[in-house]
file target24.txt (compact mmCIF, C-alpha atoms)
# COMPACT_ATOMS: atom_id res chain seq x y z
CA MET A 1 -53.98 22.62 -36.34
CA SER A 2 -55.82 22.73 -33.01
CA GLY A 3 -54.30 24.19 -29.85
CA PRO A 4 -53.34 20.82 -28.31
CA GLY A 5 -52.02 19.62 -31.70
CA ARG A 6 -49.80 22.68 -32.02
CA PHE A 7 -48.55 22.13 -28.50
CA GLY A 8 -47.78 18.49 -29.32
CA ALA A 9 -45.73 19.45 -32.39
CA TYR A 10 -43.95 22.17 -30.39
CA LEU A 11 -43.20 19.64 -27.64
CA ARG A 12 -41.82 17.05 -30.08
CA HIS A 13 -39.66 19.71 -31.69
CA TRP A 14 -38.10 20.74 -28.36
CA HIS A 15 -37.95 17.15 -27.15
CA ARG A 16 -35.69 16.33 -30.11
CA ARG A 17 -33.51 19.41 -29.55
CA LEU A 18 -33.19 18.73 -25.84
CA GLY A 19 -32.38 15.12 -26.59
CA LEU A 20 -29.61 16.14 -28.99
CA PHE A 21 -28.16 18.60 -26.46
CA ALA A 22 -28.29 16.19 -23.56
CA SER A 23 -27.30 12.97 -25.33
CA ALA A 24 -23.53 13.54 -25.37
CA PHE A 25 -23.53 14.61 -21.72
CA LEU A 26 -25.81 11.78 -20.62
CA ILE A 27 -23.64 9.19 -22.35
CA TRP A 28 -20.56 10.70 -20.68
CA LEU A 29 -22.28 10.78 -17.28
CA ALA A 30 -23.41 7.17 -17.67
CA VAL A 31 -19.97 5.92 -18.75
CA SER A 32 -18.06 7.86 -16.07
CA GLY A 33 -20.64 6.83 -13.45
CA VAL A 34 -20.20 3.15 -14.28
CA LEU A 35 -16.39 3.54 -14.19
CA LEU A 36 -16.59 5.26 -10.80
CA ASN A 37 -18.91 2.58 -9.39
CA GLU A 38 -16.86 -0.30 -10.75
CA GLY A 39 -13.46 1.38 -10.29
CA ALA A 40 -12.21 -1.00 -7.63
CA ARG A 41 -13.40 -4.09 -9.53
CA LEU A 42 -11.71 -2.86 -12.72
CA GLY A 43 -8.49 -2.04 -10.86
CA LEU A 44 -8.80 1.68 -11.60
CA ASP A 45 -8.29 2.60 -7.94
CA ASN A 46 -4.58 1.76 -8.29
CA ILE A 47 -3.95 3.93 -11.30
CA ARG A 48 -2.50 7.42 -11.02
CA VAL A 49 -2.29 9.85 -13.91
CA SER A 50 0.52 12.33 -14.39
CA LEU A 51 -0.19 13.89 -17.78
CA PRO A 52 1.70 17.20 -17.73
CA LEU A 53 -1.19 19.19 -19.24
CA LEU A 54 -3.66 17.74 -16.75
CA MET A 55 -1.32 18.40 -13.82
CA HIS A 56 -0.86 21.97 -15.06
CA TRP A 57 -4.65 22.31 -15.26
CA TYR A 58 -4.91 21.23 -11.63
CA GLY A 59 -2.12 23.65 -10.73
CA LEU A 60 0.24 20.87 -9.62
CA ASN A 61 3.96 21.22 -10.30
CA ALA A 62 6.95 18.94 -9.75
CA LEU A 63 8.47 19.61 -6.37
CA PRO A 64 11.80 17.85 -5.82
CA PRO A 65 12.51 17.28 -2.13
CA ALA A 66 14.56 19.92 -0.34
CA ASP A 67 16.21 17.54 2.10
CA GLY A 68 17.29 13.96 2.61
CA TYR A 69 19.45 11.70 4.75
CA ALA A 70 23.20 11.50 4.15
CA ALA A 71 25.44 8.66 5.34
CA GLY A 72 28.75 7.25 4.18
CA GLY A 73 28.77 9.38 1.04
CA HIS A 74 25.29 8.15 0.04
CA TRP A 75 22.02 10.08 -0.05
CA LEU A 76 18.63 8.62 0.81
CA VAL A 77 15.80 10.78 -0.50
CA THR A 78 12.06 10.31 -0.24
CA THR A 79 9.82 11.75 -2.96
CA SER A 80 6.11 11.45 -3.65
CA ASP A 81 6.77 8.43 -5.88
CA ALA A 82 9.79 6.60 -4.49
CA THR A 83 12.55 6.27 -1.95
CA LEU A 84 15.83 6.89 -3.76
CA LEU A 85 19.35 5.82 -2.90
CA ASP A 86 21.74 8.10 -4.79
CA GLY A 87 18.97 8.91 -7.25
CA LEU A 88 17.85 5.31 -7.91
CA PRO A 89 14.57 3.93 -6.55
CA LEU A 90 14.64 1.19 -3.92
CA THR A 91 12.44 -1.82 -4.57
CA PRO A 92 10.28 -2.60 -2.68
CA GLN A 93 9.88 0.91 -1.42
CA PRO A 94 10.46 1.36 2.32
CA ALA A 95 8.06 3.80 3.90
CA PRO A 96 7.99 5.87 5.95
CA VAL A 97 11.73 6.40 6.42
CA LEU A 98 12.94 7.44 9.89
CA GLY A 99 16.65 7.71 9.11
CA PHE A 100 19.66 6.29 7.36
CA ALA A 101 23.08 5.06 8.49
CA ALA A 102 26.15 3.54 6.88
CA ILE A 103 28.88 1.42 8.44
CA ASN A 104 31.88 -0.50 7.25
CA SER A 105 31.67 -4.17 8.12
CA GLY A 106 34.44 -6.54 7.10
CA GLY A 107 35.55 -4.26 4.27
CA HIS A 108 32.00 -3.89 2.92
CA THR A 109 29.73 -0.88 3.21
CA LEU A 110 26.42 -1.74 4.83
CA LEU A 111 23.55 0.73 4.60
CA PHE A 112 20.66 0.71 7.08
CA VAL A 113 17.28 2.32 6.42
CA ALA A 114 15.07 2.63 9.49
CA THR A 115 11.26 2.45 9.27
CA PRO A 116 8.91 2.34 12.27
CA ASP A 117 8.66 -1.45 12.24
CA SER A 118 11.80 -2.61 10.45
CA LEU A 119 15.44 -2.00 9.68
CA ILE A 120 16.32 -2.56 6.04
CA LEU A 121 19.87 -3.67 5.34
CA LEU A 122 21.25 -2.75 1.90
CA ASP A 123 24.56 -3.10 0.15
CA ASP A 124 26.16 0.02 -1.32
CA THR A 125 24.39 -0.52 -4.66
CA GLY A 126 20.98 -0.47 -2.99
CA GLN A 127 20.37 -4.23 -3.20
CA ARG A 128 18.36 -5.39 -0.21
CA ILE A 129 20.29 -7.87 1.88
CA GLU A 130 17.71 -8.37 4.57
CA THR A 131 14.77 -6.82 6.38
CA LEU A 132 15.21 -6.94 10.14
CA ASN A 133 12.17 -6.71 12.38
CA ALA A 134 11.16 -7.43 15.95
CA ALA A 135 12.04 -11.09 15.49
CA THR A 136 15.67 -10.25 14.75
CA LEU A 137 16.08 -6.87 16.46
CA PRO A 138 16.25 -6.13 20.18
CA MET A 139 13.10 -3.96 19.88
CA ALA A 140 9.67 -4.14 18.26
CA THR A 141 9.52 -0.57 16.95
CA LEU A 142 12.18 1.95 15.97
CA ARG A 143 12.26 5.66 16.72
CA ARG A 144 15.64 6.69 15.31
CA ILE A 145 18.87 5.43 13.81
CA GLY A 146 22.43 6.71 13.93
CA ARG A 147 26.09 5.85 14.12
CA THR A 148 28.35 5.51 17.13
CA ALA A 149 31.81 7.04 17.39
CA GLU A 150 33.18 3.49 16.96
CA GLY A 151 31.51 3.20 13.56
CA GLN A 152 28.63 0.94 14.61
CA VAL A 153 25.01 1.37 13.58
CA ALA A 154 22.75 2.37 16.47
CA ILE A 155 18.98 2.15 16.82
CA GLN A 156 16.65 3.32 19.53
CA ASP A 157 13.04 3.03 20.58
CA LEU A 158 13.22 3.40 24.36
CA ASP A 159 16.62 1.79 24.89
CA ALA A 160 19.47 2.17 22.41
CA TYR A 161 21.46 -0.69 20.86
CA ALA A 162 24.45 -0.82 18.53
CA SER A 163 25.73 -3.40 16.09
CA ALA A 164 28.82 -3.77 13.92
CA ASP A 165 27.11 -6.10 11.42
CA GLY A 166 23.33 -5.88 11.89
CA GLU A 167 23.26 -9.34 13.46
CA THR A 168 24.32 -8.95 17.08
CA TRP A 169 23.19 -5.98 19.13
CA THR A 170 24.50 -4.63 22.41
CA PRO A 171 22.95 -1.97 24.69
CA ILE A 172 24.61 1.47 24.52
CA THR A 173 24.08 4.96 25.88
CA ALA A 174 21.91 6.99 23.53
CA SER A 175 23.86 10.19 24.12
CA ALA A 176 26.97 8.65 22.53
CA VAL A 177 25.31 8.40 19.11
CA GLN A 178 25.13 10.81 16.21
CA TRP A 179 21.50 10.31 15.20
CA SER A 180 20.44 10.52 11.58
CA ALA A 181 18.60 13.71 10.67
CA ARG A 182 17.40 15.36 7.48
CA GLU A 183 19.92 17.62 5.77
CA PRO A 184 19.54 20.10 2.90
CA LEU A 185 19.83 18.24 -0.38
CA PRO A 186 22.68 19.22 -2.75
CA GLU A 187 21.46 20.53 -6.10
CA ALA A 188 22.81 17.49 -7.97
CA GLN A 189 20.75 15.15 -5.76
CA ARG A 190 17.69 17.36 -6.18
CA GLN A 191 18.01 17.07 -9.94
CA ARG A 192 18.34 13.28 -9.71
CA ALA A 193 15.21 13.15 -7.55
CA ALA A 194 13.16 15.43 -9.81
CA PRO A 195 11.92 12.68 -12.21
CA TYR A 196 10.49 10.82 -9.19
CA ALA A 197 8.75 13.89 -7.79
CA GLN A 198 6.29 14.46 -10.63
CA PRO A 199 2.82 15.31 -9.43
CA SER A 200 0.11 12.74 -10.04
CA LEU A 201 -3.52 12.20 -9.15
CA PRO A 202 -5.63 9.08 -8.68
CA LEU A 203 -7.48 8.30 -11.92
CA LEU A 204 -10.74 7.98 -9.96
CA ARG A 205 -10.32 11.54 -8.63
CA VAL A 206 -9.97 12.84 -12.21
CA LEU A 207 -12.97 10.74 -13.28
CA ALA A 208 -15.05 12.05 -10.38
CA ASP A 209 -14.14 15.64 -11.29
CA ALA A 210 -15.00 14.99 -14.93
CA HIS A 211 -18.29 13.32 -13.89
CA SER A 212 -19.32 16.32 -11.80
CA GLY A 213 -18.02 18.85 -14.33
CA ARG A 214 -15.50 20.39 -11.90
CA LEU A 215 -12.66 19.32 -14.19
CA PHE A 216 -13.86 21.88 -16.76
CA GLY A 217 -13.70 24.92 -14.52
CA ARG A 218 -16.52 26.96 -13.01
CA GLY A 219 -18.77 26.47 -16.04
CA GLY A 220 -18.43 22.68 -15.86
CA PRO A 221 -20.84 22.02 -12.99
CA LEU A 222 -23.34 24.47 -14.60
CA LEU A 223 -23.18 22.52 -17.86
CA ILE A 224 -23.75 19.24 -15.98
CA ASP A 225 -26.65 20.89 -14.09
CA LEU A 226 -28.15 21.99 -17.42
CA SER A 227 -27.74 18.42 -18.72
CA ALA A 228 -29.56 17.15 -15.64
CA LEU A 229 -32.34 19.70 -16.20
CA ALA A 230 -32.50 18.65 -19.85
CA ALA A 231 -32.80 15.00 -18.73
CA ILE A 232 -35.72 15.93 -16.43
CA LEU A 233 -37.46 17.87 -19.22
CA LEU A 234 -36.83 15.00 -21.63
CA ALA A 235 -38.39 12.54 -19.21
CA ALA A 236 -41.37 14.84 -18.55
CA SER A 237 -41.98 15.63 -22.23
CA GLY A 238 -41.52 11.98 -23.16
CA ILE A 239 -44.09 10.87 -20.59
CA TRP A 240 -46.44 13.60 -21.76
CA MET A 241 -46.16 12.51 -25.42
CA ILE A 242 -46.63 8.81 -24.53
CA TRP A 243 -49.69 9.70 -22.47
CA ARG A 244 -51.16 11.77 -25.32
CA ALA A 245 -50.53 9.01 -27.84
CA ALA A 246 -52.15 6.44 -25.55
CA ARG A 247 -55.21 8.63 -25.09
CA ARG A 248 -55.45 9.18 -28.86
CA ARG A 249 -55.31 5.43 -29.48
CA HIS A 250 -58.19 4.90 -27.05
CA HIS A 251 -60.21 7.72 -28.72
CA LEU A 252 -60.47 9.64 -25.54
CA PRO A 253 -61.12 13.33 -25.84
CA LEU A 254 -58.03 15.40 -25.36
CA SER A 255 -58.08 17.77 -22.49
CA MET B 1 0.59 -4.75 13.38
CA LEU B 2 -1.62 -7.74 14.10
CA LEU B 3 0.93 -10.00 15.75
CA PRO B 4 4.43 -8.67 16.50
CA PRO B 5 7.08 -10.93 14.94
CA ASP B 6 8.71 -11.55 18.35
CA GLU B 7 5.31 -12.57 19.75
CA PHE B 8 4.86 -14.95 16.79
CA LEU B 9 8.16 -16.60 17.77
CA ARG B 10 7.09 -16.78 21.43
CA GLN B 11 3.82 -18.46 20.43
CA THR B 12 5.72 -20.89 18.23
CA PHE B 13 8.70 -21.76 20.41
CA GLY B 14 7.79 -20.63 23.92
CA PRO B 15 9.54 -17.92 25.94
CA THR B 16 12.99 -18.66 24.48
CA ALA B 17 13.13 -18.68 20.70
CA PRO B 18 16.06 -20.53 19.12
CA THR B 19 18.89 -18.45 17.66
CA PRO B 20 17.95 -17.37 14.14
CA GLN B 21 19.77 -19.06 11.29
CA THR B 22 20.56 -17.47 7.96
CA LEU B 23 19.64 -18.80 4.54
CA TRP B 24 21.36 -17.02 1.66
CA LEU B 25 19.09 -16.83 -1.33
CA ASP B 26 21.51 -17.92 -4.04
CA ALA B 27 20.67 -18.02 -7.74
CA ALA B 28 19.20 -21.53 -7.57
CA THR B 29 16.98 -20.62 -4.60
CA GLN B 30 15.88 -17.39 -6.26
CA ARG B 31 14.94 -19.36 -9.38
CA GLN B 32 12.61 -21.51 -7.28
CA LEU B 33 11.18 -18.46 -5.51
CA LYS B 34 10.68 -16.72 -8.84
CA THR B 35 8.35 -19.50 -9.98
CA ILE B 36 6.28 -18.82 -6.85
CA PHE B 37 6.32 -15.02 -6.61
CA GLY B 38 6.81 -14.21 -10.28
CA HIS B 39 9.96 -12.29 -9.37
CA ASN B 40 13.08 -12.77 -7.27
CA TYR B 41 12.50 -12.50 -3.53
CA PRO B 42 13.74 -8.94 -2.88
CA GLN B 43 16.39 -9.90 -0.33
CA ALA B 44 19.77 -11.59 -0.42
CA ARG B 45 19.24 -13.57 2.76
CA LEU B 46 16.49 -14.71 5.09
CA ARG B 47 16.47 -15.51 8.80
CA TYR B 48 14.63 -18.56 10.02
CA TRP B 49 14.28 -20.39 13.28
CA ARG B 50 14.66 -24.13 13.76
CA VAL B 51 14.03 -26.65 16.50
CA PRO B 52 13.94 -30.40 15.82
CA GLY B 53 11.01 -31.12 13.51
CA LYS B 54 9.96 -27.51 13.05
CA THR B 55 11.07 -24.31 11.28
CA ALA B 56 9.55 -20.83 11.40
CA TRP B 57 9.70 -18.30 8.57
CA ILE B 58 8.73 -14.64 8.38
CA LEU B 59 8.07 -13.60 4.79
CA GLU B 60 6.73 -10.59 2.93
CA ASP B 61 4.76 -10.30 -0.28
CA ILE B 62 2.70 -7.54 -1.83
CA GLY B 63 -1.05 -8.12 -1.84
CA LYS B 64 -2.31 -5.25 -3.93
CA GLU B 65 -0.12 -2.27 -3.11
CA PHE B 66 1.67 -2.89 0.16
CA PRO B 67 3.65 -5.80 1.62
CA ILE B 68 1.93 -8.26 3.91
CA THR B 69 4.21 -9.74 6.58
CA ALA B 70 3.29 -13.28 7.53
CA GLY B 71 4.76 -15.99 9.73
CA PHE B 72 4.68 -19.67 8.81
CA VAL B 73 5.59 -22.71 10.87
CA VAL B 74 6.60 -25.76 8.88
CA GLY B 75 6.56 -29.25 10.38
CA LYS B 76 7.40 -32.41 8.45
CA ALA B 77 7.10 -31.05 4.88
CA ALA B 78 3.71 -29.60 5.81
CA LEU B 79 2.57 -26.32 7.29
CA ASP B 80 1.78 -26.36 10.99
CA SER B 81 0.32 -22.86 11.03
CA ALA B 82 0.12 -19.52 9.26
CA ASN B 83 -0.22 -16.08 10.84
CA VAL B 84 -0.62 -12.58 9.45
CA LEU B 85 1.84 -10.42 11.39
CA ILE B 86 1.62 -7.01 9.72
CA TYR B 87 -1.16 -6.04 7.31
CA ARG B 88 -0.66 -2.74 5.48
CA GLU B 89 -3.32 -2.90 2.75
CA THR B 90 -6.51 -0.90 3.15
CA ARG B 91 -8.80 -3.77 2.18
CA GLY B 92 -8.68 -7.54 2.44
CA ASP B 93 -7.65 -7.97 6.06
CA GLU B 94 -10.16 -10.80 6.42
CA ILE B 95 -7.13 -13.06 5.87
CA ARG B 96 -6.16 -12.47 9.50
CA TYR B 97 -9.15 -14.44 10.82
CA PRO B 98 -8.51 -17.96 12.19
CA THR B 99 -11.29 -19.40 10.00
CA PHE B 100 -9.14 -18.54 6.97
CA LEU B 101 -5.71 -19.20 8.47
CA LYS B 102 -6.54 -22.64 9.86
CA GLN B 103 -6.90 -23.88 6.27
CA PHE B 104 -3.10 -23.72 5.97
CA ALA B 105 -2.52 -26.23 8.78
CA GLY B 106 -1.47 -29.52 7.20
CA ALA B 107 -1.08 -28.05 3.70
CA LYS B 108 1.72 -29.56 1.62
CA LEU B 109 3.30 -28.76 -1.72
CA ALA B 110 1.97 -30.92 -4.54
CA SER B 111 2.98 -30.00 -8.10
CA ASP B 112 3.82 -26.48 -6.97
CA ARG B 113 0.36 -26.02 -5.44
CA LEU B 114 -0.89 -26.18 -1.90
CA GLN B 115 -2.69 -29.42 -1.13
CA PRO B 116 -5.39 -29.27 0.15
CA GLU B 117 -6.27 -26.04 -1.62
CA VAL B 118 -7.00 -22.92 0.38
CA ASP B 119 -10.38 -21.31 -0.24
CA GLY B 120 -10.45 -17.67 -1.30
CA ILE B 121 -12.26 -14.79 0.36
CA SER B 122 -14.49 -12.53 -1.69
CA GLY B 123 -13.02 -9.02 -1.62
CA ALA B 124 -9.63 -10.22 -0.38
CA THR B 125 -8.52 -12.20 -3.43
CA LEU B 126 -5.11 -10.55 -3.83
CA SER B 127 -4.29 -10.88 -0.13
CA VAL B 128 -5.32 -14.55 -0.20
CA MET B 129 -3.09 -15.12 -3.23
CA ALA B 130 -0.17 -13.41 -1.44
CA MET B 131 -0.67 -15.72 1.57
CA GLN B 132 -0.78 -18.76 -0.73
CA ARG B 133 2.46 -17.67 -2.43
CA MET B 134 4.21 -17.10 0.89
CA ALA B 135 2.97 -20.46 2.22
CA ARG B 136 4.42 -22.21 -0.86
CA ALA B 137 7.67 -20.25 -0.39
CA ALA B 138 7.88 -21.30 3.27
CA LEU B 139 7.51 -24.97 2.33
CA THR B 140 10.10 -24.57 -0.45
CA LEU B 141 12.56 -22.80 1.82
CA ASP B 142 12.08 -25.39 4.58
CA ALA B 143 13.12 -28.08 2.11
CA LEU B 144 16.20 -26.03 1.10
CA ALA B 145 17.34 -25.00 4.57
CA PRO B 146 20.27 -27.00 5.91
CA PRO B 147 19.22 -29.42 8.67
call {"tool": "encode", "arguments": {"input": "target24.txt", "output": "structure tokens"}}
result
Amino acid sequence: MSGPGRFGAYLRHWHRRLGLFASAFLIWLAVSGVLLNEGARLGLDNIRVSLPLLMHWYGLNALPPADGYAAGGHWLVTTSDATLLDGLPLTPQPAPVLGFAAINSGGHTLLFVATPDSLILLDDTGQRIETLNAATLPMATLRRIGRTAEGQVAIQDLDAYASADGETWTPITASAVQWSAREPLPEAQRQRAAPYAQPSLPLLRVLADAHSGRLFGRGGPLLIDLSALAAILLAASGIWMIWRAARRRHHLPLS
Amino acid sequence: MLLPPDEFLRQTFGPTAPTPQTLWLDAATQRQLKTIFGHNYPQARLRYWRVPGKTAWILEDIGKEFPITAGFVVGKAALDSANVLIYRETRGDEIRYPTFLKQFAGAKLASDRLQPEVDGISGATLSVMAMQRMARAALTLDALAPP
């Protein structure tokens, strides 16, 4: 076999080997690339994964909150996944929570959760009675919430107001209010919050890390780089072989 | 916040808004709302504002992940106007533009659908659907609210 013929056979041999090595990686890169590009259209951008092994691989551990808001014998706790009243998630989830207050109104316990733009009124089982906002409150935004010595709920942005039922509000002096603040969470409440404090990651983040190889440790990106190099060599050797075959068909002398 | 709820009331009723009235969402009302939202409206009662020939409603519904707060003014069994008050989603806020919102003016309920239909917006489909659901709810609630 002539020199160029030997080179051609050698090239085909390595072209096949390179192709075999790179094929699995190229298919994975193509599939993960399409999923990343079309993630929003496929609804993947809403999905979070919390597989324990994967979270352990990322070094993420469950971290139950250390504090919460206490009022009227109830605890309001915010975790990474939910806002919990006595360990049960509120639906829909209010966020972010500024404070929590409880009053007795007509023999019923009313719970108030303050957010920056609304005051959520709950019964003592966590059922939402009403969401109060600037249309039904004496202020457009809230800064803090508390309870007066007379047992009324108080809210404040610039001026402070109090109400005995969440419907009618009267101006008060802010200094006469015990404002809601975070308190250390009892161990029992921490344990109830733990299932809602599991770490999770966006699926697209995991896909992106798998696409780049970072998911597989330090060697991952190197492996992906080698696959990319293999793809370049495959393309170059493929073009070379096509060019040689074309020249042979046209009876041109090989260089 | 695109339009503060109190500003929405000022634009609707002038400097002095009427006293809000309360509509308790009893089981029968929740059943009607469930056909619109696919679930019970997550509150036990709603405030609304009424002057002769007109009611105003502030409702919330989730677009994709977060609630959209919108205000609706209902005239004689038809919508007078729709406004996006608070938009919390990261994408799809094209629903706040007047070119989209003016489609709601004059819309009525016909066989549980808005008539005339409201055109969608590419890239804001879920927000558009949330606005359509809330508009239908506002018309339903207006019919249920005591005169």
call {"tool": "interface_residues", "arguments": {"input": "target24.txt", "of": "chain A", "to": "chain B", "cutoff": "8 Å", "atoms": "only C-alpha atoms", "output": "MDAnalysis selection string"}}
result
chainID A and resid 46 91:92 127:131 133:136 140
call {"tool": "closest_atom_pairs", "arguments": {"input": "target24.txt", "of": "region 24-92 of chain A", "to": "region 215-236 of chain A", "cutoff": "9 Å", "atoms": "all atoms listed in the file", "output": "tab-separated table"}}
result
residue	atom	partner	partner_atom	distance
A:Phe25	CA	A:Ser227	CA	6.4
A:Leu26	CA	A:Ser227	CA	7.2
A:Leu29	CA	A:Ile224	CA	8.7
A:Trp57	CA	A:Leu215	CA	8.6
A:Tyr58	CA	A:Leu215	CA	8.4
call {"tool": "atom_distance", "arguments": {"input": "target24.txt", "atom1": "CA of Tyr196 (chain A)", "atom2": "CA of Leu36 (chain A)"}}
result
27.7 Å
call {"tool": "residues_around", "arguments": {"input": "target24.txt", "residues": "region 181-193 of chain A", "least_positions_apart": "3", "cutoff": "8 Å", "atoms": "only C-alpha atoms", "output": "PDB file with C-alpha atoms, in the frame of the given file"}}
result
ATOM      1  CA  PRO A  64      11.800  17.850  -5.820  1.00  0.00           C
ATOM      2  CA  PRO A  65      12.510  17.280  -2.130  1.00  0.00           C
ATOM      3  CA  ALA A  66      14.560  19.920  -0.340  1.00  0.00           C
ATOM      4  CA  ASP A  67      16.210  17.540   2.100  1.00  0.00           C
ATOM      5  CA  GLY A  68      17.290  13.960   2.610  1.00  0.00           C
ATOM      6  CA  TYR A  69      19.450  11.700   4.750  1.00  0.00           C
ATOM      7  CA  ALA A  70      23.200  11.500   4.150  1.00  0.00           C
ATOM      8  CA  TRP A  75      22.020  10.080  -0.050  1.00  0.00           C
ATOM      9  CA  VAL A  77      15.800  10.780  -0.500  1.00  0.00           C
ATOM     10  CA  THR A  79       9.820  11.750  -2.960  1.00  0.00           C
ATOM     11  CA  LEU A  84      15.830   6.890  -3.760  1.00  0.00           C
ATOM     12  CA  ASP A  86      21.740   8.100  -4.790  1.00  0.00           C
ATOM     13  CA  GLY A  87      18.970   8.910  -7.250  1.00  0.00           C
ATOM     14  CA  GLY A  99      16.650   7.710   9.110  1.00  0.00           C
ATOM     15  CA  TYR A 196      10.490  10.820  -9.190  1.00  0.00           C
ATOM     16  CA  ALA A 197       8.750  13.890  -7.790  1.00  0.00           C
TER      17      ALA A 197
END
call {"tool": "residues_around", "arguments": {"input": "target24.txt", "residues": "Ala77 (chain B)", "least_positions_apart": "5", "cutoff": "10 Å", "atoms": "all atoms listed in the file", "output": "ChimeraX atom specification"}}
result
/B:53-54,106-109,138-140,142-143
call {"tool": "closest_residue", "arguments": {"input": "target24.txt", "among": "A:Trp28, A:Trp179, A:Tyr10, A:Trp240", "to": "Ala149 (chain A)", "atoms": "all atoms listed in the file"}}
result
A:Trp179
call {"tool": "atom_distance", "arguments": {"input": "target24.txt", "atom1": "CA of Ala9 (chain A)", "atom2": "CA of His250 (chain A)"}}
result
19.9 Å
call {"tool": "atom_distance", "arguments": {"input": "target24.txt", "atom1": "CA of Phe37 (chain B)", "atom2": "CA of Pro116 (chain B)"}}
result
19.6 Å
call {"tool": "residues_around", "arguments": {"input": "target24.txt", "residues": "Ser127 (chain B)", "least_positions_apart": "3", "cutoff": "6 Å", "atoms": "only C-alpha atoms", "output": "list in words"}}
result
Gly63, Ala124 and Ala130 of chain B
call {"tool": "residues_near_point", "arguments": {"input": "target24.txt", "point": "(2.6, 8.7, -5.3)", "cutoff": "7 Å", "atoms": "only C-alpha atoms", "output": "list in words"}}
result
Ser80, Asp81 and Ser200 of chain A
call {"tool": "residues_around", "arguments": {"input": "target24.txt", "residues": "Pro138 (chain A)", "least_positions_apart": "6", "cutoff": "12 Å", "atoms": "all atoms listed in the file", "output": "JSON, numbers by chain"}}
result
{"A": [117, 118, 119, 132, 154, 155, 156, 157, 158, 159, 160, 161, 162, 163, 166, 167, 168, 169, 170, 171], "B": [5, 6]}
call {"tool": "closest_residue", "arguments": {"input": "target24.txt", "among": "A:Leu90, A:Ala210, A:Val97, A:Leu76", "to": "Val31 (chain A)", "atoms": "all atoms listed in the file"}}
result
A:Ala210
call {"tool": "closest_residue", "arguments": {"input": "target24.txt", "among": "A:Ile103, A:Leu11, A:Leu203, A:Leu54", "to": "Ile239 (chain A)", "atoms": "only C-alpha atoms"}}
result
A:Leu11
call {"tool": "closest_residue", "arguments": {"input": "target24.txt", "among": "A:Val49, A:Ala174, A:Asp165, A:Leu121", "to": "Arg144 (chain A)", "atoms": "all atoms listed in the file"}}
result
A:Ala174
call {"tool": "decode", "arguments": {"input": "target24.txt", "residues": "region 118-129 of chain B", "atoms": "N, CA and C atoms", "output": "PDB file, in the first residue's frame"}}
result
ATOM      1  N   VAL B 118     -60.754  37.926  23.866  1.00  0.00           N
ATOM      2  CA  VAL B 118     -59.563  38.765  24.051  1.00  0.00           C
ATOM      3  C   VAL B 118     -58.371  38.073  23.381  1.00  0.00           C
ATOM      4  N   ASP B 119     -57.689  38.806  22.536  1.00  0.00           N
ATOM      5  CA  ASP B 119     -56.535  38.220  21.832  1.00  0.00           C
ATOM      6  C   ASP B 119     -55.384  37.990  22.790  1.00  0.00           C
ATOM      7  N   GLY B 120     -54.629  36.921  22.558  1.00  0.00           N
ATOM      8  CA  GLY B 120     -53.471  36.616  23.381  1.00  0.00           C
ATOM      9  C   GLY B 120     -52.259  37.438  22.998  1.00  0.00           C
ATOM     10  N   ILE B 121     -51.206  37.297  23.789  1.00  0.00           N
ATOM     11  CA  ILE B 121     -49.935  37.961  23.498  1.00  0.00           C
ATOM     12  C   ILE B 121     -48.866  36.879  23.501  1.00  0.00           C
ATOM     13  N   SER B 122     -48.112  36.797  22.417  1.00  0.00           N
ATOM     14  CA  SER B 122     -47.048  35.802  22.359  1.00  0.00           C
ATOM     15  C   SER B 122     -46.028  36.063  23.468  1.00  0.00           C
ATOM     16  N   GLY B 123     -45.730  35.034  24.240  1.00  0.00           N
ATOM     17  CA  GLY B 123     -44.774  35.177  25.340  1.00  0.00           C
ATOM     18  C   GLY B 123     -45.411  35.562  26.659  1.00  0.00           C
ATOM     19  N   ALA B 124     -46.705  35.877  26.615  1.00  0.00           N
ATOM     20  CA  ALA B 124     -47.402  36.259  27.864  1.00  0.00           C
ATOM     21  C   ALA B 124     -48.695  35.459  28.000  1.00  0.00           C
ATOM     22  N   THR B 125     -48.694  34.260  27.433  1.00  0.00           N
ATOM     23  CA  THR B 125     -49.931  33.470  27.358  1.00  0.00           C
ATOM     24  C   THR B 125     -50.550  33.229  28.731  1.00  0.00           C
ATOM     25  N   LEU B 126     -49.719  32.830  29.706  1.00  0.00           N
ATOM     26  CA  LEU B 126     -50.272  32.483  31.021  1.00  0.00           C
ATOM     27  C   LEU B 126     -50.818  33.720  31.731  1.00  0.00           C
ATOM     28  N   SER B 127     -50.150  34.863  31.560  1.00  0.00           N
ATOM     29  CA  SER B 127     -50.648  36.100  32.162  1.00  0.00           C
ATOM     30  C   SER B 127     -51.961  36.527  31.509  1.00  0.00           C
ATOM     31  N   VAL B 128     -52.041  36.371  30.190  1.00  0.00           N
ATOM     32  CA  VAL B 128     -53.277  36.704  29.476  1.00  0.00           C
ATOM     33  C   VAL B 128     -54.414  35.823  29.984  1.00  0.00           C
ATOM     34  N   MET B 129     -54.121  34.526  30.157  1.00  0.00           N
ATOM     35  CA  MET B 129     -55.165  33.606  30.626  1.00  0.00           C
ATOM     36  C   MET B 129     -55.617  33.967  32.049  1.00  0.00           C
TER      37      MET B 129
END
